[in-house]
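**Student:** Take a look at input-v9.csv, CSV, C-alpha atoms:
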```csv
chain,number,residue,atom,x,y,z
A,1,MET,CA,24.2,19.2,16.1
A,2,ASN,CA,23.8,18.0,19.7
A,3,ALA,CA,22.5,14.4,19.8
A,4,THR,CA,20.2,15.2,22.7
A,5,LEU,CA,18.7,18.1,20.8
A,6,VAL,CA,18.0,15.9,17.8
A,7,LYS,CA,16.2,13.4,20.0
A,8,GLN,CA,14.1,16.1,21.6
A,9,ASN,CA,13.2,17.6,18.2
A,10,MET,CA,12.1,14.1,16.9
A,11,ILE,CA,9.9,13.5,20.0
A,12,ALA,CA,8.4,17.0,19.8
A,13,LEU,CA,7.5,16.6,16.1
A,14,PHE,CA,5.6,13.4,16.7
A,15,LEU,CA,3.7,14.8,19.7
A,16,TYR,CA,2.9,17.9,17.7
A,17,LEU,CA,1.5,15.9,14.8
A,18,CYS,CA,-0.7,13.9,17.2
A,19,SER,CA,-1.9,17.0,19.2
A,20,ALA,CA,-2.6,18.9,16.0
A,21,ILE,CA,-5.5,16.6,15.3
A,22,PRO,CA,-8.6,18.7,16.3
A,23,LEU,CA,-10.8,17.3,19.1
A,24,THR,CA,-14.0,18.5,17.3
A,25,ALA,CA,-17.3,16.7,17.3
A,26,GLN,CA,-17.8,14.2,14.5
A,27,GLN,CA,-21.2,14.1,12.9
A,28,SER,CA,-22.9,10.7,12.4
A,29,THR,CA,-23.0,11.5,8.6
A,30,ASP,CA,-19.2,11.8,8.4
A,31,LYS,CA,-17.7,9.7,5.6
A,32,ASN,CA,-16.0,6.5,6.5
A,33,PHE,CA,-12.7,5.4,4.8
A,34,ASN,CA,-11.7,1.9,3.7
A,35,LYS,CA,-8.0,2.3,3.2
A,36,SER,CA,-5.1,3.5,5.4
A,37,PHE,CA,-1.4,4.2,5.2
A,38,SER,CA,0.7,4.2,8.3
A,39,PHE,CA,4.3,4.8,9.2
A,40,ARG,CA,6.0,3.5,12.4
A,41,THR,CA,9.5,4.0,13.8
A,42,ASP,CA,11.1,2.2,16.8
A,43,ASN,CA,14.3,3.4,18.4
A,44,ASP,CA,15.9,3.3,21.8
A,45,ALA,CA,17.3,6.7,21.1
A,46,TYR,CA,13.8,8.2,21.7
A,47,LEU,CA,14.3,7.4,25.5
A,48,PHE,CA,16.6,10.5,25.8
A,49,VAL,CA,19.5,8.3,27.0
A,50,PHE,CA,22.9,7.6,25.3
A,51,ASN,CA,22.1,4.0,24.8
A,52,ASP,CA,21.9,2.5,21.3
A,53,ALA,CA,21.9,-1.3,21.3
A,54,TYR,CA,20.1,-4.6,20.7
A,55,TYR,CA,16.9,-3.9,18.7
A,56,THR,CA,18.3,-0.4,17.8
A,57,ASN,CA,16.0,0.7,15.0
A,58,GLY,CA,12.8,-0.4,13.2
A,59,PHE,CA,11.1,1.2,10.2
A,60,PHE,CA,7.6,0.2,9.0
A,61,LEU,CA,5.4,1.2,6.0
A,62,ASN,CA,1.9,-0.2,6.0
A,63,TYR,CA,-1.0,-0.2,3.5
A,64,SER,CA,-4.3,-1.7,4.5
A,65,PHE,CA,-7.8,-2.0,3.2
A,66,ALA,CA,-11.1,-3.3,4.6
A,67,GLN,CA,-13.8,-5.5,3.2
A,68,SER,CA,-16.7,-7.5,4.6
A,69,LYS,CA,-17.5,-11.2,4.2
A,70,ASN,CA,-20.6,-12.9,5.7
A,71,ASP,CA,-21.3,-9.6,7.5
A,72,LEU,CA,-18.0,-9.8,9.3
A,73,LYS,CA,-15.2,-7.3,8.8
A,74,GLN,CA,-11.8,-8.2,7.4
A,75,ILE,CA,-8.7,-6.1,7.0
A,76,HIS,CA,-5.9,-6.9,4.6
A,77,SER,CA,-2.5,-5.3,5.3
A,78,PHE,CA,0.8,-5.2,3.4
A,79,GLU,CA,3.9,-4.0,5.3
A,80,LEU,CA,7.5,-3.3,4.3
A,81,SER,CA,9.8,-3.2,7.3
A,82,GLN,CA,13.5,-3.1,8.3
A,83,LYS,CA,14.9,-4.0,11.7
A,84,ILE,CA,18.5,-3.4,12.9
A,85,TYR,CA,20.2,-5.2,15.7
A,86,THR,CA,23.6,-4.5,17.4
A,87,PRO,CA,25.5,-5.4,20.5
A,88,LEU,CA,25.8,-3.0,23.5
A,89,ALA,CA,29.5,-2.1,22.7
A,90,ARG,CA,30.1,0.3,19.8
A,91,ASN,CA,33.9,-0.3,19.5
A,92,VAL,CA,34.2,-4.0,19.0
A,93,LYS,CA,37.8,-5.1,19.3
A,94,SER,CA,37.1,-8.9,19.2
A,95,PRO,CA,34.2,-11.3,18.9
A,96,ALA,CA,34.1,-11.5,22.7
A,97,ASP,CA,32.9,-7.9,22.9
A,98,ILE,CA,29.6,-8.8,21.0
A,99,ASP,CA,26.9,-9.6,23.6
A,100,ARG,CA,24.1,-9.6,20.9
A,101,ALA,CA,24.6,-10.4,17.3
A,102,TYR,CA,24.9,-7.8,14.6
A,103,CYS,CA,22.0,-8.3,12.2
A,104,GLY,CA,19.8,-6.6,9.6
A,105,TYR,CA,16.3,-7.9,8.7
A,106,LEU,CA,14.3,-6.7,5.7
A,107,ASN,CA,10.9,-8.2,4.9
A,108,LEU,CA,7.5,-7.8,3.2
A,109,ASN,CA,4.6,-9.0,5.3
A,110,TYR,CA,0.9,-9.8,4.6
A,111,THR,CA,-1.6,-9.9,7.4
A,112,LYS,CA,-5.3,-10.8,7.3
A,113,THR,CA,-7.4,-9.8,10.4
A,114,ALA,CA,-10.8,-11.3,10.6
A,115,PHE,CA,-13.1,-9.8,13.3
A,116,LEU,CA,-15.4,-12.4,14.7
A,117,LYS,CA,-18.5,-12.2,16.9
A,118,LYS,CA,-18.4,-11.4,20.6
A,119,GLU,CA,-15.3,-9.1,20.3
A,120,ALA,CA,-12.9,-11.8,19.1
A,121,LEU,CA,-10.4,-11.6,16.2
A,122,LEU,CA,-8.2,-13.9,14.3
A,123,GLN,CA,-5.0,-12.8,12.4
A,124,TYR,CA,-3.1,-14.8,9.8
A,125,SER,CA,0.3,-13.5,8.6
A,126,GLY,CA,3.0,-14.5,6.2
A,127,SER,CA,6.2,-12.8,5.3
A,128,LEU,CA,9.2,-13.1,2.9
A,129,GLY,CA,12.4,-11.4,3.4
A,130,ILE,CA,16.2,-11.5,3.9
A,131,VAL,CA,18.4,-11.6,7.0
A,132,GLY,CA,22.0,-10.4,6.7
A,133,PRO,CA,24.0,-7.8,4.7
A,134,ALA,CA,21.5,-7.8,1.8
A,135,SER,CA,18.9,-6.3,4.2
A,136,TRP,CA,21.1,-3.1,4.2
A,137,GLY,CA,21.0,-2.9,8.0
A,138,GLN,CA,24.6,-1.7,8.2
A,139,GLY,CA,24.1,0.9,5.4
A,140,MET,CA,20.9,2.3,6.9
A,141,GLN,CA,22.4,2.6,10.4
A,142,GLU,CA,25.6,4.2,9.1
A,143,THR,CA,23.6,6.7,7.0
A,144,TYR,CA,21.3,8.0,9.7
A,145,HIS,CA,24.1,8.0,12.3
A,146,THR,CA,26.1,10.2,10.0
A,147,LEU,CA,23.2,12.5,9.3
A,148,LEU,CA,22.4,12.8,13.1
A,149,ARG,CA,26.0,12.9,14.1
A,150,TYR,CA,25.8,9.8,16.2
A,151,ALA,CA,28.8,7.6,16.9
A,152,GLN,CA,29.2,4.7,14.5
A,153,PHE,CA,29.3,1.0,15.4
A,154,TYR,CA,32.5,-0.9,14.5
A,155,GLY,CA,32.0,-4.6,14.2
A,156,TRP,CA,29.6,-5.1,11.3
A,157,GLU,CA,32.1,-7.5,9.8
A,158,TYR,CA,30.8,-10.0,12.4
A,159,GLN,CA,27.1,-9.7,11.3
A,160,ILE,CA,24.7,-12.6,10.6
A,161,GLY,CA,25.2,-13.8,7.0
A,162,ASN,CA,22.6,-13.6,4.2
A,163,SER,CA,19.7,-16.0,4.5
A,164,LEU,CA,16.2,-16.1,3.0
A,165,SER,CA,13.4,-15.7,5.5
A,166,VAL,CA,10.0,-17.3,5.2
A,167,ASP,CA,7.7,-17.0,8.2
A,168,ALA,CA,4.0,-17.4,9.1
A,169,GLY,CA,2.0,-16.4,12.2
A,170,LEU,CA,-1.3,-16.8,13.9
A,171,THR,CA,-2.9,-14.6,16.5
A,172,TYR,CA,-6.1,-14.9,18.4
A,173,ALA,CA,-7.6,-12.3,20.8
A,174,LYS,CA,-10.9,-11.8,22.6
A,175,THR,CA,-12.3,-9.3,25.0
A,176,ILE,CA,-13.4,-11.2,28.1
A,177,ALA,CA,-14.3,-8.3,30.4
A,178,GLU,CA,-15.5,-4.8,29.5
A,179,ASN,CA,-17.3,-1.7,30.9
A,180,ASN,CA,-17.6,1.9,29.6
A,181,TRP,CA,-13.9,2.8,30.3
A,182,THR,CA,-11.9,-0.4,30.7
A,183,LYS,CA,-11.5,-3.8,29.0
A,184,LEU,CA,-9.3,-6.9,29.2
A,185,ILE,CA,-8.1,-8.7,26.1
A,186,PRO,CA,-6.1,-12.0,26.4
A,187,ILE,CA,-3.9,-12.5,23.3
A,188,GLY,CA,-2.2,-15.7,22.1
A,189,GLN,CA,0.3,-15.8,19.2
A,190,VAL,CA,2.3,-18.5,17.4
A,191,ASN,CA,5.1,-17.8,14.9
A,192,LEU,CA,6.8,-20.4,12.8
A,193,GLY,CA,9.5,-19.9,10.2
A,194,THR,CA,13.2,-19.5,9.2
A,195,THR,CA,13.5,-16.2,11.1
A,196,PHE,CA,11.3,-16.5,14.2
A,197,THR,CA,9.8,-19.5,15.8
A,198,ASN,CA,8.1,-18.7,19.1
A,199,ALA,CA,4.9,-18.6,21.1
A,200,LYS,CA,3.5,-15.6,22.9
A,201,LEU,CA,0.9,-15.3,25.6
A,202,GLY,CA,-0.3,-12.1,27.2
A,203,ALA,CA,-3.2,-9.8,28.0
A,204,MET,CA,-4.0,-6.2,27.2
A,205,LEU,CA,-5.6,-3.9,29.7
A,206,VAL,CA,-7.2,-0.9,28.0
A,207,ALA,CA,-8.5,2.2,29.8
A,208,GLY,CA,-10.1,5.3,28.3
A,209,ALA,CA,-12.4,6.2,25.4
A,210,PHE,CA,-12.2,3.3,23.0
A,211,GLU,CA,-14.3,1.7,20.2
A,212,LYS,CA,-15.1,-2.0,19.9
A,213,ASN,CA,-12.2,-4.1,18.6
A,214,SER,CA,-13.4,-4.1,15.0
A,215,ALA,CA,-13.4,-0.3,14.8
A,216,SER,CA,-10.5,0.6,17.1
A,217,VAL,CA,-7.1,2.1,16.4
A,218,LEU,CA,-5.9,-0.5,18.9
A,219,TRP,CA,-6.0,-3.0,16.1
A,220,ASN,CA,-5.5,-0.4,13.2
A,221,ALA,CA,-9.2,-1.1,12.4
A,222,ARG,CA,-10.8,2.3,11.9
A,223,ILE,CA,-11.1,1.6,8.2
A,224,THR,CA,-14.4,0.1,7.0
A,225,ASP,CA,-16.2,-0.7,3.7
A,226,LYS,CA,-19.6,0.2,5.2
A,227,GLN,CA,-21.2,3.4,6.5
A,228,SER,CA,-21.4,2.1,10.0
A,229,GLY,CA,-20.0,5.1,11.8
A,230,TYR,CA,-18.4,5.1,15.3
A,231,LYS,CA,-20.0,5.2,18.7
A,232,LYS,CA,-17.6,7.9,20.0
A,233,GLU,CA,-16.4,11.2,18.5
A,234,TYR,CA,-12.8,10.1,19.0
A,235,GLU,CA,-10.6,7.5,20.7
A,236,LEU,CA,-8.2,8.4,23.4
A,237,PHE,CA,-7.0,5.6,25.7
A,238,GLY,CA,-4.0,4.0,27.3
A,239,TYR,CA,-3.0,0.3,27.5
A,240,TRP,CA,-0.7,-2.1,29.3
A,241,TYR,CA,0.3,-5.2,27.5
A,242,PRO,CA,2.5,-7.7,29.4
A,243,GLN,CA,3.6,-10.9,27.5
A,244,ILE,CA,5.6,-14.1,28.1
A,245,ILE,CA,7.5,-15.3,25.1
A,246,ALA,CA,8.8,-18.9,24.6
A,247,GLN,CA,11.6,-18.8,22.1
A,248,GLY,CA,12.3,-21.6,19.7
A,249,TYR,CA,14.4,-20.0,17.1
A,250,ASN,CA,15.6,-16.4,16.3
A,251,ALA,CA,17.8,-16.0,13.1
A,252,THR,CA,18.8,-12.5,14.2
A,253,ILE,CA,20.7,-14.1,17.1
A,254,GLN,CA,21.4,-17.6,16.0
A,255,GLY,CA,22.0,-17.0,12.2
A,256,GLY,CA,19.8,-18.1,9.3
A,257,LEU,CA,18.6,-21.7,8.9
A,258,LEU,CA,19.1,-21.5,5.1
A,259,ALA,CA,22.7,-20.2,5.0
A,260,SER,CA,25.7,-19.6,7.2
A,261,SER,CA,28.6,-17.2,7.5
A,262,PRO,CA,32.0,-18.2,8.9
A,263,ASN,CA,32.6,-14.7,10.3
A,264,ALA,CA,29.2,-14.3,12.0
A,265,VAL,CA,29.2,-14.1,15.8
A,266,THR,CA,26.0,-15.8,17.1
A,267,GLN,CA,24.6,-16.6,20.5
A,268,SER,CA,22.2,-19.1,22.1
A,269,LEU,CA,18.6,-18.1,23.0
A,270,ALA,CA,17.1,-17.4,26.4
A,271,PRO,CA,14.2,-19.9,26.5
A,272,VAL,CA,11.8,-17.4,28.0
A,273,VAL,CA,11.6,-13.7,27.4
A,274,LEU,CA,9.3,-11.2,29.3
A,275,GLN,CA,8.0,-8.2,27.5
A,276,SER,CA,5.8,-5.3,28.6
A,277,ALA,CA,4.4,-2.5,26.5
A,278,ILE,CA,2.7,0.7,27.8
A,279,GLY,CA,1.1,2.9,25.2
A,280,VAL,CA,-1.4,5.6,24.4
A,281,CYS,CA,-3.6,5.9,21.3
A,282,PHE,CA,-5.5,8.7,19.8
A,283,ALA,CA,-7.7,8.7,16.7
A,284,GLU,CA,-10.3,10.9,15.0
A,285,LYS,CA,-11.7,11.0,11.5
A,286,ARG,CA,-8.8,10.4,9.0
A,287,THR,CA,-5.9,10.4,11.4
A,288,SER,CA,-4.6,8.3,14.3
A,289,CYS,CA,-1.3,8.0,16.3
A,290,LYS,CA,0.2,5.7,18.8
A,291,LEU,CA,3.1,6.2,21.3
A,292,GLU,CA,4.5,3.0,23.0
A,293,TYR,CA,7.2,2.2,25.5
A,294,VAL,CA,8.5,-1.4,25.3
A,295,PHE,CA,10.6,-3.2,27.9
A,296,GLN,CA,12.0,-6.7,27.1
A,297,SER,CA,14.2,-9.0,29.1
A,298,LYS,CA,17.3,-10.5,27.7
A,299,GLU,CA,16.8,-12.4,24.4
A,300,THR,CA,20.1,-14.2,24.9
A,301,PRO,CA,22.0,-15.0,28.2
A,302,SER,CA,25.0,-13.2,26.8
A,303,GLN,CA,23.2,-9.8,26.8
A,304,ILE,CA,24.6,-7.4,29.4
A,305,LYS,CA,21.4,-5.4,29.7
A,306,ASP,CA,17.7,-5.7,29.1
A,307,GLN,CA,16.0,-4.0,26.1
A,308,ARG,CA,14.0,-0.8,26.1
A,309,TYR,CA,12.7,1.3,23.2
A,310,ILE,CA,10.0,3.7,22.1
A,311,GLY,CA,7.7,3.2,19.1
A,312,PHE,CA,5.7,5.9,17.3
A,313,GLN,CA,3.0,5.3,14.7
A,314,LEU,CA,1.0,7.7,12.5
A,315,ALA,CA,-1.8,6.6,10.2
A,316,TYR,CA,-3.9,8.4,7.5
A,317,LEU,CA,-7.2,7.0,6.3
A,318,PHE,CA,-8.5,7.5,2.7
A,319,ASN,CA,-10.7,6.0,-0.1
```
Can I see the file as structure tokens?
**Tutor:**
Amino acid sequence: MNATLVKQNMIALFLYLCSAIPLTAQQSTDKNFNKSFSFRTDNDAYLFVFNDAYYTNGFFLNYSFAQSKNDLKQIHSFELSQKIYTPLARNVKSPADIDRAYCGYLNLNYTKTAFLKKEALLQYSGSLGIVGPASWGQGMQETYHTLLRYAQFYGWEYQIGNSLSVDAGLTYAKTIAENNWTKLIPIGQVNLGTTFTNAKLGAMLVAGAFEKNSASVLWNARITDKQSGYKKEYELFGYWYPQIIAQGYNATIQGGLLASSPNAVTQSLAPVVLQSAIGVCFAEKRTSCKLEYVFQSKETPSQIKDQRYIGFQLAYLFN
């Protein structure tokens, strides 16, 4: 099967699933849902270019439920994810050919999102996982490359060694300017752990038909434990989210803190990374979807190129 045709079919499937959601009017008596299940996939192959490198694949399964405390909404989320990283060159003949470390990362993450007053929110997260061969990054990549008839990467013997990952994160966001069709949300985030230690600062500009933060697909927050309803029949909006990231530690590049591998090829970190995401969201009743393009500058000075990829997310709400 032609690789370009495979990519086109995958993109068409996701766009069809999103467009198949009917834009019909939602009555105020419609039932609300307090649980959700979502699936997300990230891949640079979705850009319709023959480029498969760096953060080359991500797979996420998420289960969330909502509850209220002191009349404020909270969402609890559990997510299983796998991320795969490779260098630019497929045919590695020596360690010198590796401009970004081979690495797989598998983890289970818990996030609590507390929606505060005046359109603010606070997120706490903690995760436990594994970096290295035990994450099955090599096996997953070789499996789907074989199924889709993509070329294989040769150099996994130089991948980051097995290491336990324990991480925690804190995010704060607050809408500071808003009218009927646009809003601006500064976002600050700090992560600390054996996999990622960094600080992120950015701002999200949102434009279109959106709900308040505590009820919006922007924050995966359309679930609720109350019959509060929504102000709009559906959400349809775009966003731009630029960030500056100060890197302290990244085990997928530098190797794990809790273990080492003599064969692993590692690199030093770029102290500052620039990232920008442009996306579109749609949601109505039980279903929502997101499409996002992400650009990221070099995570390590040894990288030959910058990073680009596409992310898709589909979510289903239920009780």
**Student:** Go ahead and compute the interatomic distance for atom CA of A:Ile185 and atom CA of A:Ala283, in Å to one decimal.
**Tutor:**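 These atoms are spaced 19.8 Å apart.
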**Student:** Pick the closest to A:Pro262 from A:Val206, A:Gln159, A:Thr182, A:Leu164: which is it, counting only C-alpha atoms?
**Tutor:** A:Gln159
**Student:** How many Å lie between atom CA of A:Asp52 and atom CA of A:Leu106, rounded to one decimal?
**Tutor:**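 It comes out at 19.6 Å.
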**Student:** Which residue, A:Ser165, A:Thr195, A:Gln267, A:Thr224, has the smallest gap to A:Asp99 when you use only C-alpha atoms?
**Tutor:** A:Gln267
**Student:** Counting only C-alpha atoms, which of A:Ser261, A:Asn62, A:Gln74, A:Ser94 gets nearest to A:Ala215?
**Tutor:** A:Gln74
**Student:** What's the separation between atom CA of A:Leu121 and atom CA of A:Lys174, in Å to one decimal place?
**Tutor:**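 Those two atoms sit 6.4 Å apart.
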**Student:** Between A:Gly137, A:Gly311, A:Gly256, A:Gly161, which residue has the minimum interatomic distance to A:Phe196, considering all atoms listed in the file?
**Tutor:**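 Ranking A:Gly137, A:Gly311, A:Gly256, A:Gly161 by distance to A:Phe196, first place goes to A:Gly256.
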